[in-house]
$ cat final07.txt   # compact mmCIF, C-alpha atoms and all ligand atoms
# COMPACT_ATOMS: atom_id res chain seq x y z
CA MET A 232 44.69 141.27 38.96
CA ARG A 233 45.11 137.58 39.76
CA ASP A 234 43.12 136.25 42.72
CA ASP A 235 45.85 133.90 43.80
CA VAL A 236 47.60 133.43 47.15
CA ASN A 237 50.90 133.22 45.26
CA HIS A 238 50.48 136.80 44.11
CA PRO A 239 50.89 139.85 46.38
CA ALA A 240 47.85 141.57 44.83
CA LYS A 241 45.50 139.24 46.72
CA TRP A 242 47.13 140.10 50.04
CA GLU A 243 47.34 143.82 49.26
CA ARG A 244 43.60 143.77 48.68
CA TYR A 245 42.99 142.21 52.11
CA TYR A 246 45.01 145.01 53.73
CA ARG A 247 43.37 147.78 51.69
CA GLU A 248 39.87 146.49 52.41
CA GLY A 249 40.60 146.22 56.15
CA LYS A 250 40.27 142.43 56.00
CA ALA A 251 43.53 141.47 57.73
CA GLY A 252 41.42 139.49 60.20
CA TRP A 253 44.36 137.24 61.11
CA SER A 254 46.26 140.07 62.78
CA LEU A 255 46.20 140.19 66.57
CA HIS A 256 47.21 143.89 66.34
CA THR A 257 49.56 143.17 69.22
CA PRO A 258 52.63 140.95 69.66
CA THR A 259 51.76 137.25 69.93
CA PRO A 260 51.51 136.35 73.65
CA VAL A 261 53.08 132.89 73.16
CA PHE A 262 56.17 134.53 71.62
CA GLN A 263 56.30 137.07 74.45
CA HIS A 264 56.45 134.13 76.89
CA LEU A 265 59.28 132.54 74.89
CA LEU A 266 61.20 135.83 74.96
CA ALA A 267 60.93 135.87 78.76
CA GLU A 268 61.86 132.21 79.27
CA GLU A 269 65.04 131.43 81.22
CA ASP A 270 66.84 128.18 81.86
CA ALA A 271 67.98 126.86 85.26
CA GLN A 272 71.09 129.10 85.04
CA GLY A 273 68.99 132.20 84.44
CA GLN A 274 70.03 132.39 80.77
CA ARG A 275 67.49 133.27 78.09
CA VAL A 276 66.24 130.12 76.37
CA PHE A 277 66.01 132.11 73.12
CA PRO A 278 68.89 134.60 73.28
CA PRO A 279 68.98 137.42 70.72
CA GLY A 280 70.25 136.54 67.25
CA ARG A 281 69.45 137.18 63.61
CA ILE A 282 65.84 136.21 62.97
CA LEU A 283 63.82 135.97 59.77
CA ILE A 284 60.07 136.56 59.93
CA PRO A 285 58.52 135.46 56.62
CA GLY A 286 55.04 136.79 55.86
CA ALA A 287 55.53 139.32 58.66
CA GLY A 288 52.27 141.17 57.95
CA LEU A 289 51.80 144.28 60.06
CA GLY A 290 55.00 143.50 61.96
CA TYR A 291 53.89 143.35 65.60
CA ASP A 292 56.08 140.30 66.29
CA ALA A 293 58.96 141.77 64.28
CA ARG A 294 58.96 144.88 66.45
CA GLU A 295 58.65 142.81 69.65
CA PHE A 296 61.70 140.69 68.78
CA ALA A 297 63.64 143.81 67.76
CA ARG A 298 62.74 145.42 71.10
CA HIS A 299 64.27 142.34 72.78
CA GLY A 300 67.58 142.77 70.98
CA PHE A 301 67.11 140.50 67.95
CA ALA A 302 68.40 141.51 64.52
CA VAL A 303 65.07 141.11 62.74
CA VAL A 304 64.56 140.73 59.01
CA ALA A 305 60.83 141.01 58.30
CA VAL A 306 59.81 139.82 54.84
CA ASP A 307 56.47 140.29 53.16
CA PHE A 308 55.58 140.58 49.49
CA ALA A 309 52.50 142.80 50.04
CA ARG A 310 53.29 146.48 49.60
CA ASP A 311 50.65 147.56 52.13
CA ALA A 312 52.14 145.32 54.82
CA VAL A 313 55.64 146.63 54.13
CA GLU A 314 54.48 150.25 54.27
CA ALA A 315 52.60 149.62 57.52
CA MET A 316 55.73 148.07 59.04
CA GLN A 317 57.90 150.95 57.87
CA ASN A 318 55.48 153.50 59.32
CA ALA A 319 55.35 151.72 62.70
CA LEU A 320 59.11 151.59 63.29
CA THR A 321 60.57 153.44 66.25
CA PRO A 322 64.24 153.77 67.23
CA GLU A 323 63.60 151.06 69.85
CA THR A 324 62.14 148.60 67.31
CA ALA A 325 64.35 149.38 64.29
CA HIS A 326 64.86 146.40 61.99
CA ALA A 327 65.16 145.39 58.35
CA ILE A 328 61.96 145.26 56.30
CA VAL A 329 62.16 143.57 52.92
CA GLN A 330 59.44 143.45 50.29
CA ALA A 331 60.08 140.08 48.66
CA ASP A 332 58.54 136.73 47.84
CA LEU A 333 59.77 134.29 50.45
CA PHE A 334 60.25 131.68 47.72
CA GLN A 335 62.78 133.97 46.03
CA LEU A 336 64.99 135.10 48.88
CA PRO A 337 68.62 135.61 47.87
CA ALA A 338 71.19 132.84 48.04
CA ALA A 339 73.40 135.34 49.91
CA TRP A 340 71.04 134.81 52.88
CA ASN A 341 71.74 131.06 53.02
CA GLU A 342 72.70 129.85 56.51
CA THR A 343 72.71 133.40 57.93
CA PHE A 344 69.77 133.14 60.37
CA ASP A 345 69.84 131.96 63.98
CA TYR A 346 66.05 131.74 63.91
CA VAL A 347 63.05 131.67 61.61
CA LEU A 348 59.75 132.69 63.20
CA GLU A 349 56.54 131.28 61.77
CA TYR A 350 53.02 132.47 62.54
CA THR A 351 50.18 132.37 60.02
CA CYS A 352 52.56 132.44 57.05
CA PHE A 353 52.59 128.69 56.31
CA CYS A 354 48.77 128.62 56.30
CA ALA A 355 48.72 131.52 53.83
CA LEU A 356 50.77 129.70 51.22
CA ASP A 357 49.57 127.60 48.33
CA PRO A 358 49.35 124.13 49.95
CA THR A 359 51.09 122.57 46.95
CA ARG A 360 54.20 124.63 47.85
CA ARG A 361 54.69 123.34 51.39
CA ASP A 362 57.77 121.28 50.61
CA GLU A 363 59.25 124.30 48.82
CA TYR A 364 58.64 126.34 52.01
CA ALA A 365 60.49 123.72 54.09
CA ALA A 366 63.42 123.90 51.68
CA VAL A 367 63.58 127.70 52.06
CA ILE A 368 63.58 127.46 55.87
CA ALA A 369 66.31 124.81 55.82
CA ARG A 370 68.59 126.75 53.49
CA LEU A 371 68.29 130.04 55.39
CA LEU A 372 68.95 128.70 58.89
CA LYS A 373 72.50 128.40 60.16
CA PRO A 374 73.49 124.94 61.36
CA GLY A 375 72.15 124.90 64.92
CA GLY A 376 69.58 127.58 64.04
CA LYS A 377 66.03 127.23 65.29
CA TYR A 378 62.63 127.28 63.62
CA ILE A 379 60.01 128.58 66.05
CA ALA A 380 56.48 128.06 64.79
CA LEU A 381 53.03 128.53 66.13
CA ALA A 382 51.18 126.19 63.78
CA PHE A 383 47.73 127.66 63.08
CA PRO A 384 44.99 126.81 62.23
CA LEU A 385 45.32 123.12 63.03
CA GLY A 386 43.36 120.92 60.67
CA GLU A 387 43.53 118.83 57.53
CA LEU A 388 43.85 119.66 53.86
CA VAL A 389 41.32 118.01 51.60
CA HIS A 390 42.53 115.91 48.69
CA PRO A 391 43.77 116.97 46.28
CA PRO A 392 45.35 119.79 48.36
CA GLU A 393 44.65 122.43 45.69
CA MET A 394 40.91 121.86 46.28
CA THR A 395 41.22 122.91 49.95
CA PRO A 396 39.35 126.17 50.60
CA GLY A 397 41.52 128.94 52.00
CA PRO A 398 43.46 130.93 52.97
CA PRO A 399 43.98 130.05 55.72
CA PHE A 400 44.87 126.51 54.63
CA PRO A 401 44.74 124.08 57.57
CA VAL A 402 47.99 122.91 59.14
CA ASN A 403 48.62 119.36 60.26
CA ALA A 404 51.41 119.70 62.85
CA PRO A 405 52.96 116.22 62.33
CA GLN A 406 53.04 116.86 58.56
CA LEU A 407 54.75 120.24 59.03
CA ILE A 408 57.30 118.60 61.35
CA ALA A 409 57.89 115.78 58.84
CA LEU A 410 58.50 118.25 55.99
CA LEU A 411 61.21 119.97 58.02
CA GLN A 412 62.69 116.71 59.31
CA ALA A 413 63.12 115.66 55.69
CA ARG A 414 65.20 118.84 55.25
CA GLY A 415 67.49 118.07 58.18
CA LEU A 416 65.74 119.75 61.12
CA VAL A 417 65.21 117.95 64.44
CA LEU A 418 62.17 118.40 66.66
CA ARG A 419 63.12 119.99 69.99
CA ARG A 420 59.79 120.95 71.46
CA ARG A 421 56.11 120.59 70.77
CA GLU A 422 53.33 121.85 73.01
CA ILE A 423 49.92 123.39 73.30
CA HIS A 424 51.01 126.64 74.92
CA PRO A 425 48.89 128.08 77.73
CA ALA A 426 49.41 131.64 76.46
CA THR A 427 47.46 130.97 73.26
CA ILE A 428 44.77 133.62 72.93
CA LYS A 429 41.25 132.49 73.78
CA PRO A 430 39.74 132.41 70.25
CA ARG A 431 42.65 130.22 69.05
CA LYS A 432 42.64 127.74 71.99
CA GLY A 433 42.89 124.20 70.68
CA ARG A 434 43.65 125.51 67.19
CA GLU A 435 47.38 126.15 67.42
CA GLU A 436 50.50 124.38 68.59
CA LEU A 437 54.02 125.54 69.38
CA ILE A 438 56.75 123.71 67.46
CA VAL A 439 60.49 124.33 67.90
CA MET A 440 62.92 122.59 65.53
CA GLN A 441 66.66 122.87 65.07
CA LYS A 442 68.80 122.54 61.98
CA GLN A 443 71.59 119.99 62.37
C1 LIG T 501 47.83 135.59 57.08
S1 LIG T 501 48.99 136.89 56.89
C2 LIG T 501 49.93 136.75 58.40
C3 LIG T 501 50.70 137.98 58.78
C4 LIG T 501 51.43 137.90 60.12
N1 LIG T 501 52.32 136.76 60.17
C5 LIG T 501 50.46 137.86 61.27
O1 LIG T 501 50.44 136.86 62.03
O2 LIG T 501 49.72 138.82 61.44
C6 LIG T 501 50.09 136.23 55.69
C7 LIG T 501 51.12 137.22 55.22
O3 LIG T 501 52.06 136.53 54.40
C8 LIG T 501 52.31 137.32 53.26
N2 LIG T 501 52.72 136.36 52.20
C9 LIG T 501 51.95 135.38 51.64
N3 LIG T 501 52.67 134.71 50.73
C10 LIG T 501 53.91 135.27 50.72
C11 LIG T 501 55.08 135.02 49.97
N4 LIG T 501 55.14 134.05 49.05
N5 LIG T 501 56.17 135.79 50.20
C12 LIG T 501 56.12 136.79 51.13
N6 LIG T 501 55.03 137.08 51.86
C13 LIG T 501 53.94 136.32 51.66
C14 LIG T 501 51.03 138.07 52.97
O4 LIG T 501 51.25 139.23 52.22
C15 LIG T 501 50.53 138.35 54.39
O5 LIG T 501 51.02 139.59 54.85

$ encode --input "final07.txt" --output "structure tokens"
Amino acid sequence: MRDDVNHPAKWERYYREGKAGWSLHTPTPVFQHLLAEEDAQGQRVFPPGRILIPGAGLGYDAREFARHGFAVVAVDFARDAVEAMQNALTPETAHAIVQADLFQLPAAWNETFDYVLEYTCFCALDPTRRDEYAAVIARLLKPGGKYIALAFPLGELVHPPEMTPGPPFPVNAPQLIALLQARGLVLRRREIHPATIKPRKGREELIVMQKQ
């Protein structure tokens, strides 16, 4: 069994050993605020659409977005995560759950998503694959589609990046933004959100980008 973040076995072991310490075991409060946001005309700022959640883990956010009318596609390559998501589904939170490597998602999915939701997936990936991640996001979003990310944990990779201890691998928000800008996304919003949970205060940042 390879001890490698690129391989699902490492993540399956975390789940089996009860070491999924990243999970809030509840929907992410910042995303719940976004779901409730309305503009001056009383329209939802993030209206329901087709949304991809890569590295969806135990699926709390997937079920929350589904409950709010989104057509959710939750992707994770760890069998334990996929089984946990399948077991937690209710008629109210029904959505697609796909066991797959996010770097190998089908070309048939290109430009089919109104949104991609990112939370603690980017920091789980091999830091040498960050540009590859940006390319996946860019190809899956529809033109006009939005990337909604809570960048966590904020920090710096060491050099060379493959020597950085992790996961989680630290996330530099400007670098994440630059990777996606290079793939044709435009920054729409960036903020330290007040709904961040206490233990993560100062360690995460909301980023919203849009594909041109
Ligand atoms: C740190 S966990 C975060 C889970 C969830 N987003 C959360 O906030 O609770 C990272 C998840 O990404 C999954 N993952 C890591 N690399 C992946 C890849 N290349 N393709 C699909 N899933 C991946 C892992 O199996 C794990 O469930």

$ residues_around --input "final07.txt" --residues "segment 283-294 of chain A" --least-positions-apart "2" --cutoff "8 Å" --atoms "only C-alpha atoms" --output "PDB file with C-alpha atoms, in the frame of the given file"
ATOM      1  CA  SER A 254      46.260 140.070  62.780  1.00  0.00           C
ATOM      2  CA  HIS A 256      47.210 143.890  66.340  1.00  0.00           C
ATOM      3  CA  THR A 257      49.560 143.170  69.220  1.00  0.00           C
ATOM      4  CA  PRO A 258      52.630 140.950  69.660  1.00  0.00           C
ATOM      5  CA  THR A 259      51.760 137.250  69.930  1.00  0.00           C
ATOM      6  CA  PHE A 262      56.170 134.530  71.620  1.00  0.00           C
ATOM      7  CA  ARG A 281      69.450 137.180  63.610  1.00  0.00           C
ATOM      8  CA  PHE A 296      61.700 140.690  68.780  1.00  0.00           C
ATOM      9  CA  ALA A 297      63.640 143.810  67.760  1.00  0.00           C
ATOM     10  CA  ARG A 298      62.740 145.420  71.100  1.00  0.00           C
ATOM     11  CA  VAL A 303      65.070 141.110  62.740  1.00  0.00           C
ATOM     12  CA  VAL A 304      64.560 140.730  59.010  1.00  0.00           C
ATOM     13  CA  ALA A 305      60.830 141.010  58.300  1.00  0.00           C
ATOM     14  CA  VAL A 306      59.810 139.820  54.840  1.00  0.00           C
ATOM     15  CA  ASP A 307      56.470 140.290  53.160  1.00  0.00           C
ATOM     16  CA  PHE A 308      55.580 140.580  49.490  1.00  0.00           C
ATOM     17  CA  ALA A 312      52.140 145.320  54.820  1.00  0.00           C
ATOM     18  CA  VAL A 313      55.640 146.630  54.130  1.00  0.00           C
ATOM     19  CA  ALA A 315      52.600 149.620  57.520  1.00  0.00           C
ATOM     20  CA  MET A 316      55.730 148.070  59.040  1.00  0.00           C
ATOM     21  CA  LEU A 320      59.110 151.590  63.290  1.00  0.00           C
ATOM     22  CA  THR A 324      62.140 148.600  67.310  1.00  0.00           C
ATOM     23  CA  ALA A 325      64.350 149.380  64.290  1.00  0.00           C
ATOM     24  CA  HIS A 326      64.860 146.400  61.990  1.00  0.00           C
ATOM     25  CA  LEU A 333      59.770 134.290  50.450  1.00  0.00           C
ATOM     26  CA  PHE A 344      69.770 133.140  60.370  1.00  0.00           C
ATOM     27  CA  TYR A 346      66.050 131.740  63.910  1.00  0.00           C
ATOM     28  CA  VAL A 347      63.050 131.670  61.610  1.00  0.00           C
ATOM     29  CA  LEU A 348      59.750 132.690  63.200  1.00  0.00           C
ATOM     30  CA  GLU A 349      56.540 131.280  61.770  1.00  0.00           C
ATOM     31  CA  THR A 351      50.180 132.370  60.020  1.00  0.00           C
ATOM     32  CA  CYS A 352      52.560 132.440  57.050  1.00  0.00           C
TER      33      CYS A 352
END

$ closest_residue --input "final07.txt" --among "A:Leu356, A:Ala339, A:Leu371, A:Ala267" --to "ligand LIG 501 (chain T)" --atoms "all atoms listed in the file"
A:Leu356

$ closest_residue --input "final07.txt" --among "A:Gly376, A:Gly433, A:Gly386, A:Pro399" --to "Gly415 of chain A" --atoms "only C-alpha atoms"
A:Gly376

$ atom_distance --input "final07.txt" --atom1 "atom CA of His238 of chain A" --atom2 "atom C1 of ligand LIG 501 (chain T)"
13.3 Å

$ closest_residue --input "final07.txt" --among "A:Val261, A:Leu266, A:Leu336, A:Ala365" --to "ligand LIG 501 (chain T)" --atoms "all atoms listed in the file"
A:Leu336

$ atom_distance --input "final07.txt" --atom1 "atom CA of Ala319 of chain A" --atom2 "atom CA of Thr427 of chain A"
24.6 Å

$ atom_distance --input "final07.txt" --atom1 "atom CA of Trp340 of chain A" --atom2 "atom CA of Lys442 of chain A"
15.4 Å

$ closest_residue --input "final07.txt" --among "A:Pro260, A:Arg247, A:Glu295, A:Ala309" --to "ligand LIG 501 (chain T)" --atoms "only C-alpha atoms and all ligand atoms"
A:Ala309

$ residues_around --input "final07.txt" --residues "Val236 of chain A" --least-positions-apart "3" --cutoff "10 Å" --atoms "all atoms listed in the file" --output "PyMOL selection string"
chain A and resi 233+239-242+355-358+397-399

$ closest_residue --input "final07.txt" --among "A:Gln330, A:Gln272, A:Thr359, A:Gln263" --to "ligand LIG 501 (chain T)" --atoms "all atoms listed in the file"
A:Gln330

$ axis_aligned_box --input "final07.txt" --around "segment 268-282 of chain A" --padding-each-side "4 Å" --output "JSON"
{"center_x": 66.5, "center_y": 132.1, "center_z": 74.1, "size_x": 17.2, "size_y": 18.6, "size_z": 30.3}

$ closest_residue --input "final07.txt" --among "A:Leu381, A:Val276, A:Val417, A:Ala302" --to "ligand LIG 501 (chain T)" --atoms "all atoms listed in the file"
A:Leu381

$ residues_around --input "final07.txt" --residues "Pro405 of chain A" --least-positions-apart "3" --cutoff "12 Å" --atoms "only C-alpha atoms" --output "list in words"
Ala382, Leu385, Gly386, Glu387, Val402, Ile408, Ala409, Leu410, Leu411, Gln412, Leu418, Arg421, Glu436, Leu437 and Ile438 of chain A
